[in-house]
$ cat model-v3.cif   # mmCIF, C-alpha atoms
data_final
loop_
_atom_site.label_atom_id
_atom_site.label_comp_id
_atom_site.auth_asym_id
_atom_site.auth_seq_id
_atom_site.Cartn_x
_atom_site.Cartn_y
_atom_site.Cartn_z
CA MET A 1 -110.01 75.07 -76.59
CA GLU A 2 -106.96 77.00 -75.42
CA THR A 3 -106.79 80.78 -75.72
CA LYS A 4 -104.22 82.53 -77.87
CA GLN A 5 -102.32 83.60 -74.75
CA VAL A 6 -102.11 80.04 -73.42
CA LEU A 7 -100.96 78.71 -76.81
CA GLU A 8 -98.27 81.38 -77.07
CA GLN A 9 -97.02 80.53 -73.57
CA GLU A 10 -96.82 76.85 -74.50
CA LEU A 11 -94.96 77.76 -77.69
CA GLN A 12 -92.42 79.78 -75.70
CA SER A 13 -91.67 76.76 -73.49
CA ILE A 14 -91.02 74.71 -76.63
CA HIS A 15 -88.71 77.42 -77.97
CA ARG A 16 -86.69 77.20 -74.74
CA TRP A 17 -86.42 73.45 -75.21
CA GLU A 18 -85.19 73.97 -78.78
CA GLN A 19 -82.44 76.25 -77.50
CA ASP A 20 -81.32 73.51 -75.12
CA GLN A 21 -80.87 71.16 -78.08
CA LYS A 22 -77.88 73.20 -79.22
CA ASP A 23 -75.71 71.59 -76.57
CA LEU A 24 -74.34 68.08 -76.94
CA TRP A 25 -74.19 65.90 -73.86
CA PHE A 26 -71.00 64.01 -73.00
CA TRP A 27 -72.41 60.70 -74.22
CA GLU A 28 -73.38 62.25 -77.54
CA LYS A 29 -69.88 63.63 -78.07
CA LEU A 30 -68.31 60.34 -77.11
CA GLY A 31 -70.73 58.51 -79.35
CA ARG A 32 -69.48 60.20 -82.50
CA LEU A 33 -66.63 57.83 -83.21
CA PRO A 34 -65.19 57.93 -86.72
CA PHE A 35 -67.12 55.70 -89.09
CA LYS A 36 -63.92 53.86 -89.97
CA VAL A 37 -63.31 52.85 -86.34
CA LEU A 38 -66.92 51.80 -85.91
CA ASP A 39 -66.78 49.78 -89.12
CA GLN A 40 -63.83 47.82 -87.77
CA LEU A 41 -65.54 47.11 -84.46
CA THR A 42 -68.97 46.24 -85.84
CA PRO A 43 -69.47 42.60 -86.90
CA SER A 44 -70.64 41.87 -90.44
CA ILE A 45 -73.98 40.51 -89.19
CA VAL A 46 -74.80 43.96 -87.78
CA HIS A 47 -73.77 45.68 -91.03
CA LYS A 48 -76.03 43.31 -92.94
CA LYS A 49 -78.95 44.01 -90.62
CA LEU A 50 -78.49 47.79 -90.93
CA GLY A 51 -78.46 47.43 -94.70
CA GLN A 52 -81.77 45.61 -94.58
CA LEU A 53 -83.23 48.34 -92.38
CA LEU A 54 -82.32 50.93 -94.99
CA ASP A 55 -84.63 49.21 -97.46
CA GLU A 56 -87.33 48.74 -94.82
CA LEU A 57 -87.25 52.40 -93.83
CA GLY A 58 -87.60 53.44 -97.45
CA SER A 59 -90.57 51.07 -97.77
CA TYR A 60 -92.10 52.54 -94.61
CA ILE A 61 -92.08 56.02 -96.12
CA GLN A 62 -93.75 54.79 -99.29
CA THR A 63 -96.38 52.41 -97.89
CA GLY A 64 -96.04 52.12 -94.12
CA GLY A 65 -95.30 48.43 -94.58
CA GLN A 66 -95.08 46.24 -91.50
CA TYR A 67 -94.58 49.22 -89.21
CA LEU A 68 -98.01 50.86 -89.47
CA VAL A 69 -99.84 50.84 -86.13
CA ASN A 70 -103.48 50.17 -85.30
CA GLU A 71 -104.93 53.55 -84.44
CA GLU A 72 -108.07 52.21 -82.75
CA LYS A 73 -106.41 51.49 -79.41
CA ILE A 74 -104.90 54.97 -79.30
CA LEU A 75 -108.21 56.61 -80.16
CA GLU A 76 -109.91 54.62 -77.39
CA LYS A 77 -107.54 56.17 -74.86
CA LEU A 78 -108.52 59.59 -76.22
CA HIS A 79 -112.26 58.68 -76.15
CA VAL A 80 -112.72 59.59 -79.81
CA THR A 81 -113.35 57.49 -82.92
CA THR A 82 -111.29 59.29 -85.60
CA VAL A 83 -107.91 60.99 -85.89
CA GLN A 84 -109.73 64.10 -87.10
CA GLN A 85 -111.64 64.25 -83.80
CA ALA A 86 -108.42 63.82 -81.86
CA ALA A 87 -107.05 66.98 -83.51
CA HIS A 88 -109.67 69.06 -81.68
CA LEU A 89 -109.00 67.74 -78.17
CA PRO A 90 -107.48 70.02 -75.50
CA LEU A 91 -103.67 69.98 -75.33
CA ALA A 92 -103.87 68.78 -71.72
CA THR A 93 -105.70 65.63 -72.83
CA MET A 94 -103.24 65.01 -75.65
CA ASP A 95 -100.27 65.49 -73.30
CA ARG A 96 -101.66 63.14 -70.66
CA VAL A 97 -102.35 60.27 -73.07
CA CYS A 98 -99.04 60.81 -74.85
CA ASP A 99 -97.08 60.62 -71.59
CA GLU A 100 -98.87 57.38 -70.67
CA LEU A 101 -97.97 55.85 -74.03
CA ILE A 102 -94.35 56.97 -73.79
CA ASP A 103 -93.95 55.51 -70.30
CA ALA A 104 -95.29 52.18 -71.55
CA ARG A 105 -92.95 52.16 -74.57
CA VAL A 106 -89.90 53.09 -72.50
CA THR A 107 -90.61 50.23 -70.09
CA PHE A 108 -91.10 47.82 -72.97
CA ALA A 109 -87.82 48.95 -74.56
CA GLN A 110 -85.98 48.32 -71.31
CA ILE A 111 -87.33 44.78 -71.06
CA GLN A 112 -86.60 44.15 -74.74
CA GLY A 113 -83.00 45.34 -74.37
CA ALA A 114 -82.42 43.15 -71.34
CA THR A 115 -83.92 40.13 -73.09
CA THR A 116 -81.86 40.49 -76.26
CA GLY A 117 -78.75 41.19 -74.19
CA VAL A 118 -78.75 37.65 -72.85
CA GLY A 119 -77.22 36.07 -75.95
CA GLY A 120 -74.68 38.72 -76.92
CA ILE A 121 -74.10 39.14 -80.66
CA LEU A 122 -76.56 36.39 -81.60
CA THR A 123 -79.54 38.22 -80.12
CA LEU A 124 -78.19 41.69 -80.99
CA ALA A 125 -79.13 41.05 -84.62
CA ILE A 126 -82.71 40.66 -83.40
CA ASP A 127 -82.60 43.72 -81.15
CA ILE A 128 -81.59 46.23 -83.85
CA PRO A 129 -84.66 45.90 -86.12
CA ALA A 130 -86.92 45.46 -83.10
CA LEU A 131 -85.65 48.74 -81.63
CA LEU A 132 -86.18 50.63 -84.88
CA GLY A 133 -89.68 49.17 -85.17
CA LEU A 134 -90.49 50.24 -81.62
CA ALA A 135 -89.19 53.75 -82.34
CA LEU A 136 -91.40 54.08 -85.44
CA LYS A 137 -94.39 52.70 -83.55
CA THR A 138 -93.86 55.16 -80.69
CA LEU A 139 -93.66 58.13 -83.06
CA GLN A 140 -96.77 57.01 -84.93
CA GLU A 141 -98.70 56.76 -81.68
CA ILE A 142 -97.57 60.26 -80.74
CA ALA A 143 -98.73 61.50 -84.14
CA ILE A 144 -102.22 60.02 -83.66
CA VAL A 145 -102.53 61.50 -80.16
CA TYR A 146 -101.92 64.98 -81.58
CA GLY A 147 -104.37 64.44 -84.42
CA TYR A 148 -102.11 63.45 -87.32
CA ASN A 149 -102.59 60.30 -89.38
CA PRO A 150 -99.45 58.20 -90.04
CA LYS A 151 -101.29 56.39 -92.81
CA GLU A 152 -100.63 59.52 -94.88
CA LYS A 153 -97.24 59.58 -96.58
CA LYS A 154 -96.48 63.16 -95.53
CA GLU A 155 -96.88 62.13 -91.89
CA ARG A 156 -94.53 59.19 -92.30
CA ILE A 157 -91.97 61.61 -93.72
CA PHE A 158 -92.44 63.85 -90.67
CA ILE A 159 -91.96 60.80 -88.42
CA VAL A 160 -88.71 59.83 -90.15
CA LYS A 161 -87.46 63.40 -89.75
CA CYS A 162 -88.28 63.15 -86.03
CA LEU A 163 -86.25 59.95 -85.92
CA GLN A 164 -83.42 61.67 -87.73
CA PHE A 165 -83.55 64.59 -85.28
CA THR A 166 -82.92 62.25 -82.35
CA SER A 167 -79.57 61.06 -83.75
CA ALA A 168 -78.40 64.33 -85.32
CA ASP A 169 -75.57 66.54 -84.11
CA ILE A 170 -75.94 70.24 -83.27
CA VAL A 171 -75.90 71.42 -86.88
CA GLY A 172 -78.24 68.64 -87.94
CA LYS A 173 -80.70 69.32 -85.13
CA LYS A 174 -80.93 72.98 -86.07
CA ALA A 175 -81.51 72.19 -89.74
CA ILE A 176 -84.17 69.59 -88.95
CA LEU A 177 -85.94 71.90 -86.49
CA ASP A 178 -86.09 74.55 -89.22
CA GLU A 179 -87.55 72.00 -91.64
CA LEU A 180 -90.13 70.72 -89.18
CA THR A 181 -91.17 74.25 -88.22
CA SER A 182 -91.94 75.03 -91.85
CA PHE A 183 -93.92 71.81 -92.26
CA SER A 184 -97.51 72.75 -93.00
CA ASN A 185 -100.12 72.41 -95.71
CA GLU A 186 -98.50 75.35 -97.49
CA HIS A 187 -94.94 74.02 -97.27
CA ARG A 188 -95.14 70.34 -98.09
CA GLN A 189 -92.63 70.85 -100.88
CA VAL A 190 -89.94 71.01 -98.19
CA PHE A 191 -90.07 67.21 -98.11
CA SER A 192 -90.86 66.55 -101.76
CA GLN A 193 -87.34 65.26 -102.45
CA ILE A 194 -86.41 63.88 -99.03
CA GLN A 195 -83.11 62.06 -98.82
CA GLY A 196 -82.96 61.98 -95.04
CA TRP A 197 -84.25 58.45 -94.57
CA ARG A 198 -80.90 57.00 -95.64
CA GLU A 199 -79.15 59.49 -93.41
CA VAL A 200 -81.26 58.27 -90.50
CA MET A 201 -79.68 54.81 -90.54
CA MET A 202 -76.17 56.22 -90.84
CA THR A 203 -76.64 58.54 -87.87
CA PHE A 204 -78.40 55.70 -86.05
CA ARG A 205 -75.24 53.62 -86.42
CA ASP A 206 -72.96 56.54 -85.55
CA GLN A 207 -74.91 57.51 -82.45
CA TYR A 208 -76.00 54.15 -81.04
CA GLY A 209 -73.92 51.52 -82.80
CA TRP A 210 -70.93 51.83 -80.49
CA LYS A 211 -73.14 51.55 -77.43
CA LYS A 212 -74.51 48.29 -78.76
CA LEU A 213 -70.97 46.92 -78.82
CA PHE A 214 -71.33 46.39 -75.07
CA GLN A 215 -74.14 43.94 -75.79
CA PHE A 216 -71.77 41.62 -77.62
CA VAL A 217 -70.83 40.03 -74.29
CA PRO A 218 -73.50 37.54 -73.18
CA ILE A 219 -75.15 38.22 -69.79
CA VAL A 220 -73.28 41.54 -69.38
CA GLY A 221 -75.31 42.69 -72.36
CA ILE A 222 -78.47 42.42 -70.24
CA ILE A 223 -77.54 45.54 -68.29
CA PHE A 224 -76.30 47.56 -71.25
CA GLY A 225 -79.19 46.43 -73.45
CA ALA A 226 -81.77 47.53 -70.90
CA VAL A 227 -80.09 50.89 -70.26
CA PHE A 228 -79.44 51.84 -73.88
CA ASN A 229 -82.81 50.72 -75.26
CA ARG A 230 -84.59 52.65 -72.53
CA ALA A 231 -82.50 55.77 -73.27
CA PHE A 232 -83.09 55.43 -77.01
CA ILE A 233 -86.88 55.38 -76.74
CA LYS A 234 -86.79 58.24 -74.23
CA ASP A 235 -84.86 60.24 -76.86
CA ILE A 236 -87.36 59.22 -79.53
CA ALA A 237 -90.12 60.55 -77.28
CA THR A 238 -88.94 64.09 -78.06
CA GLY A 239 -91.22 63.60 -81.05
CA LYS A 240 -93.95 64.61 -78.60
CA ILE A 241 -92.53 68.13 -78.44
CA LEU A 242 -92.18 68.37 -82.22
CA TYR A 243 -95.76 67.24 -82.79
CA ARG A 244 -97.02 69.39 -79.93
CA LYS A 245 -95.38 72.46 -81.43
CA ARG A 246 -96.95 71.71 -84.79
CA ARG A 247 -100.41 71.45 -83.25
CA ILE A 248 -99.93 74.70 -81.31
CA LEU A 249 -98.79 76.57 -84.43
CA GLU A 250 -101.81 75.31 -86.37
CA ARG A 251 -104.20 76.39 -83.62
CA LEU A 252 -102.62 79.83 -83.43
CA SER A 253 -103.00 80.14 -87.19
CA GLN A 254 -106.65 79.15 -86.92
CA LEU A 255 -107.27 81.76 -84.23
CA GLU A 256 -105.63 84.48 -86.34
CA THR A 257 -107.57 83.57 -89.49
CA GLY A 258 -110.80 82.81 -87.66
CA VAL A 259 -111.05 79.39 -89.35
#
$ encode --input "model-v3.cif" --output "structure tokens"
Amino acid sequence: METKQVLEQELQSIHRWEQDQKDLWFWEKLGRLPFKVLDQLTPSIVHKKLGQLLDELGSYIQTGGQYLVNEEKILEKLHVTTVQQAAHLPLATMDRVCDELIDARVTFAQIQGATTGVGGILTLAIDIPALLGLALKTLQEIAIVYGYNPKEKKERIFIVKCLQFTSADIVGKKAILDELTSFSNEHRQVFSQIQGWREVMMTFRDQYGWKKLFQFVPIVGIIFGAVFNRAFIKDIATGKILYRKRRILERLSQLETGV
């Protein structure tokens, strides 16, 4: 297991990353078109699909629904049999397996985006729920790697907050980082009345909806679909850092208390 000094060094690197999140990239600024403009440009079939996803995301928080992943394959990669055992693995092992999983998901997202970009708007309606499902699956796999069980409701809430973080603006990112930092066994009440899952889909539309407009054109949508889906899952993969920080903080707490 890592020493206190090593854990503190790793935590400092995460703090530096958090500071970097205060800046918005050009694409993020450009992506924040007024909702009214986006509403006019977005076809009704997309609005209908986003509405359905709102209900599905709420169901995911409550029960996991169709989005729950099979943890056995992830545990096999870690060479353990339970999520509890995974929690005690060295950070280096967790990081290695997590990076392998992320690379696989990013590649899959790229292929999926290219495939659904072939038919323009007709296949875009398929791509939107598939992309959200892939994002939730990726975050759940990251959770398992770092020793957290997405079958527990509190973990699904954490995952949705990670998803929300990806699409948030500067103010939103800071607020979510503060919430996630205080997430522990002693501070579960932070999420007792979560409303953020609805906000997730609105920011999802605000941040990525306009980019998907390029997929409306058949064939041309292959390129844009591949690029944007790949970028989206790479953004989602920042959940690794959020889960990594949580594991480091818990280990530091254990070292201080001698538990």
$ atom_distance --input "model-v3.cif" --atom1 "CA of Tyr67 (chain A)" --atom2 "CA of Cys162 (chain A)"
15.6 Å
$ resolve_selection --input "model-v3.cif" --expression "the PyMOL selection byres ((chain A and resi 242) around 9)" --output "list in words"
Ile14, Cys162, Leu177, Leu180, Thr181, Thr238, Gly239, Lys240, Ile241, Tyr243, Arg244, Lys245, Arg246 and Arg247 of chain A
$ resolve_selection --input "model-v3.cif" --expression "the PyMOL selection byres ((chain A and resi 222) around 6)" --output "VMD selection string"
chain A and resid 114 117 to 118 219 to 221 223 to 225
$ write_last_selection --input "model-v3.cif" --atoms "C-alpha atoms" --output "JSON list (two decimals), in the frame of the given file"
[["chain", "number", "residue", "atom", "x", "y", "z"],
["A", 114, "ALA", "CA", -82.42, 43.15, -71.34],
["A", 117, "GLY", "CA", -78.75, 41.19, -74.19],
["A", 118, "VAL", "CA", -78.75, 37.65, -72.85],
["A", 219, "ILE", "CA", -75.15, 38.22, -69.79],
["A", 220, "VAL", "CA", -73.28, 41.54, -69.38],
["A", 221, "GLY", "CA", -75.31, 42.69, -72.36],
["A", 223, "ILE", "CA", -77.54, 45.54, -68.29],
["A", 224, "PHE", "CA", -76.30, 47.56, -71.25],
["A", 225, "GLY", "CA", -79.19, 46.43, -73.45]]
$ resolve_selection --input "model-v3.cif" --expression "the PyMOL selection byres ((chain A and resi 107) around 12)" --output "list in words"
Glu100, Leu101, Ile102, Asp103, Ala104, Arg105, Val106, Phe108, Ala109, Gln110, Ile111, Gln112, Gly113, Ala114, Leu134, Ala226, Val227, Phe228, Asn229, Arg230, Ala231, Phe232, Ile233 and Lys234 of chain A
$ closest_residue --input "model-v3.cif" --among "A:Arg251, A:Tyr148, A:Ile128, A:Gly58" --to "Gln85 (chain A)" --atoms "all atoms listed in the file"
A:Tyr148
$ atom_distance --input "model-v3.cif" --atom1 "CA of Glu2 (chain A)" --atom2 "CA of Leu75 (chain A)"
21.0 Å
$ closest_residue --input "model-v3.cif" --among "A:Ile159, A:Ile176, A:Leu139, A:Leu78" --to "Ala92 (chain A)" --atoms "all atoms listed in the file"
A:Leu78
$ closest_residue --input "model-v3.cif" --among "A:Ala143, A:Met1, A:Ile61, A:Ala130" --to "Val97 (chain A)" --atoms "only C-alpha atoms"
A:Ala143
$ closest_residue --input "model-v3.cif" --among "A:Gln84, A:Gln12, A:Asn149, A:Thr166" --to "Ile248 (chain A)" --atoms "all atoms listed in the file"
A:Gln12
$ closest_residue --input "model-v3.cif" --among "A:Glu56, A:Asp95, A:Glu71, A:Glu179" --to "Leu132 (chain A)" --atoms "only C-alpha atoms"
A:Glu56
$ atom_distance --input "model-v3.cif" --atom1 "CA of Gly147 (chain A)" --atom2 "CA of Leu7 (chain A)"
16.5 Å
$ closest_residue --input "model-v3.cif" --among "A:Asp235, A:Glu76, A:Glu250, A:Asp55" --to "Thr138 (chain A)" --atoms "only C-alpha atoms"
A:Asp235
